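Enquirer: For reference, the structure I am asking about is given below.
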Amino acid sequence: MNKIRALVVDDSMVNQTIHHRLLENLGIENQVVKNGKEAVDVHSSGNYFDLILMDMDMPIMNGIEATRTLRAMGIRCMIAGVSTRSLDQEKQEFMEAGLDDYQEKPLTKAKLVSILHKINHTT
């Protein structure tokens, strides 16, 4: 299996660190950006990822907008929403933006492994 590359998109330093370490501990190379616009910019400059962990609530460009934009750009990788939002309506809007998966924070190793398991079945 090729090495999986992940992009962590979150404006919280704490979550950035947690997600970065979880991925690193599973041997996944990852890059961290702090909002949706940076996630779009990273892809615009030609970077490719197998997985994007996308927060919902961020300044400048939120997760819903960023997910829609990435999908419109033709980005087909696995995008997993990771958010504290638990209302069905909010989750639904996020999923409809183009998510492949949704996990409530805090992200744990078990939740991450379940996301990764889906990647291995779609590639």
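Order determines the names: the first chain of the structure tokens is A, the second B, and so forth; residues in each chain are numbered 1 upward, and ligands are numbered 1 upward as they are shown.
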Please identify all polymer residues within 9 Å of Glu104 (chain A), counting only C-alpha atoms, omitting same-chain residues fewer than 6 positions from it, and present them as a count of residues only.
Expert: 7
Enquirer: Please provide the set of residues having any atom within 6 Å of Asp50 (chain A), restricted to only C-alpha atoms, with same-chain residues fewer than 6 positions apart removed, written as an NGL selection string.
Expert: :A and (4-6 or 77)
Enquirer: Can you spit out the residues from that selection as a compact mmCIF listing (two decimals), in the first residue's frame, using N, CA, C and O atoms?
Expert:
```txt
# COMPACT_ATOMS: atom_id res chain seq x y z
N ILE A 4 0.02 6.89 2.95
CA ILE A 4 -1.11 7.82 2.97
C ILE A 4 -0.65 9.20 3.42
O ILE A 4 0.11 9.32 4.38
N ARG A 5 -1.10 10.23 2.70
CA ARG A 5 -0.80 11.61 3.09
C ARG A 5 -2.10 12.27 3.53
O ARG A 5 -3.12 12.14 2.86
N ALA A 6 -2.03 12.98 4.66
CA ALA A 6 -3.24 13.60 5.19
C ALA A 6 -3.04 15.10 5.38
O ALA A 6 -1.93 15.58 5.60
N CYS A 77 -10.38 13.05 -3.09
CA CYS A 77 -9.89 12.26 -1.96
C CYS A 77 -10.93 12.19 -0.84
O CYS A 77 -11.95 12.88 -0.87
```
Enquirer: Can you list, as a ChimeraX atom specification, all residues belonging to chain A that DSSP tags as alpha helix (DSSP H)?
Expert: /A:13-25,36-44,63-72,88-96,109-122
Enquirer: Would you list the contacts of Gln92 (chain A) as a PyMOL selection string, taking every protein, DNA or RNA residue within 12 Å and counting only C-alpha atoms, but skipping same-chain residues closer than 5 positions in sequence?
Expert: chain A and resi 56+64+81+85-87+97-102
Enquirer: Determine which residues of chain A DSSP labels as strand (DSSP E or B) from the backbone of this structure, then write them out as a list in words.
Expert: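 Across chain A, those assigned strand (DSSP E or B) are Arg5, Ala6, Leu7, Val8, Val9, Glu29, Asn30, Gln31, Val32, Val33, Leu51, Ile52, Leu53, Met54, Met78, Ile79, Ala80, Gly81, Val82, Ser83, Asp101, Tyr102, Gln103 and Glu104 of chain A.
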Enquirer: So that I can check the surroundings of Ser12 (chain A), please list as a short mmCIF file (atom, residue, chain, number, x, y, z; two decimals) with C-alpha atoms, in the first residue's frame every protein, DNA and RNA residue that reaches within 9 Å of it, counting only C-alpha atoms and ignoring chain neighbours fewer than 5 positions away.
Expert:
```cif
data_model
loop_
_atom_site.label_atom_id
_atom_site.label_comp_id
_atom_site.auth_asym_id
_atom_site.auth_seq_id
_atom_site.Cartn_x
_atom_site.Cartn_y
_atom_site.Cartn_z
CA THR A 17 -1.67 19.01 17.65
CA LYS A 34 -5.59 26.61 9.96
CA MET A 58 -13.14 28.15 11.15
#
```
Enquirer: Considering only C-alpha atoms, return as a PyMOL selection string whatever protein or nucleic-acid residues lie within 10 Å of Ala110 (chain A), sequence-local ones (same chain, fewer than 5 positions apart) excluded.
Expert: chain A and resi 22+115-116
Enquirer: Quick one: residues within 9 Å of Ile18 (chain A), only C-alpha atoms, excluding same-chain residues fewer than 5 positions away - as number ranges by chain?
Expert: A: 13, 23, 106-108
Enquirer: Filtering to C-alpha atoms, could you give me those residues as an mmCIF file, in the first residue's frame?
Expert:
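Result file follows (part_35.cif):
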```cif
data_model
loop_
_atom_site.group_PDB
_atom_site.id
_atom_site.type_symbol
_atom_site.label_atom_id
_atom_site.label_comp_id
_atom_site.auth_asym_id
_atom_site.auth_seq_id
_atom_site.Cartn_x
_atom_site.Cartn_y
_atom_site.Cartn_z
ATOM 1 C CA MET A 13 -3.840 24.713 17.971
ATOM 2 C CA LEU A 23 -1.905 10.572 12.335
ATOM 3 C CA PRO A 106 -12.630 14.627 20.118
ATOM 4 C CA LEU A 107 -11.028 12.573 17.371
ATOM 5 C CA THR A 108 -9.646 9.339 18.792
#
```
Enquirer: Residues within 12 Å of Glu29 (chain A), please, as a list of chain:residue names. Count only C-alpha atoms; anything in the same chain fewer than 2 positions from it doesn't count.
Expert: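 The filter keeps A:Asn2, A:Lys3, A:Ile4, A:Arg5, A:Ala6, A:Leu7, A:Val8, A:His19, A:His20, A:Arg21, A:Leu22, A:Leu23, A:Glu24, A:Asn25, A:Leu26, A:Gly27, A:Gln31, A:Val32, A:Tyr48, A:Phe49, A:Asp50, A:Leu51, A:Ile52.
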Enquirer: In Å, how far is it from CA of Met61 (chain A) to CA of Lys118 (chain A)?
Expert: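 These atoms are spaced 26.5 Å apart.
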Enquirer: Find the distance between CA of Pro59 (chain A) and CA of Val33 (chain A) and write it in Å to one decimal.
Expert: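 Those two atoms sit 12.0 Å apart.
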Enquirer: For Gln16 (chain A), which residue among A:Leu53, A:Arg71, A:Ser44, A:Phe94 is the nearest when counting only C-alpha atoms?
Expert: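 Residue with the minimum atom-to-atom distance to Gln16 (chain A): A:Leu53.
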Enquirer: What does the structure give for the distance between CA of Gly36 (chain A) and CA of Ile60 (chain A), in Å to one decimal?
Expert: 7.3 Å
Enquirer: Which one is closest to Asn15 (chain A): A:Glu38, A:Glu65, A:Glu96, A:Asp55? Count only C-alpha atoms.
Expert: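 Among the listed residues, A:Asp55 lies closest to Asn15 (chain A).
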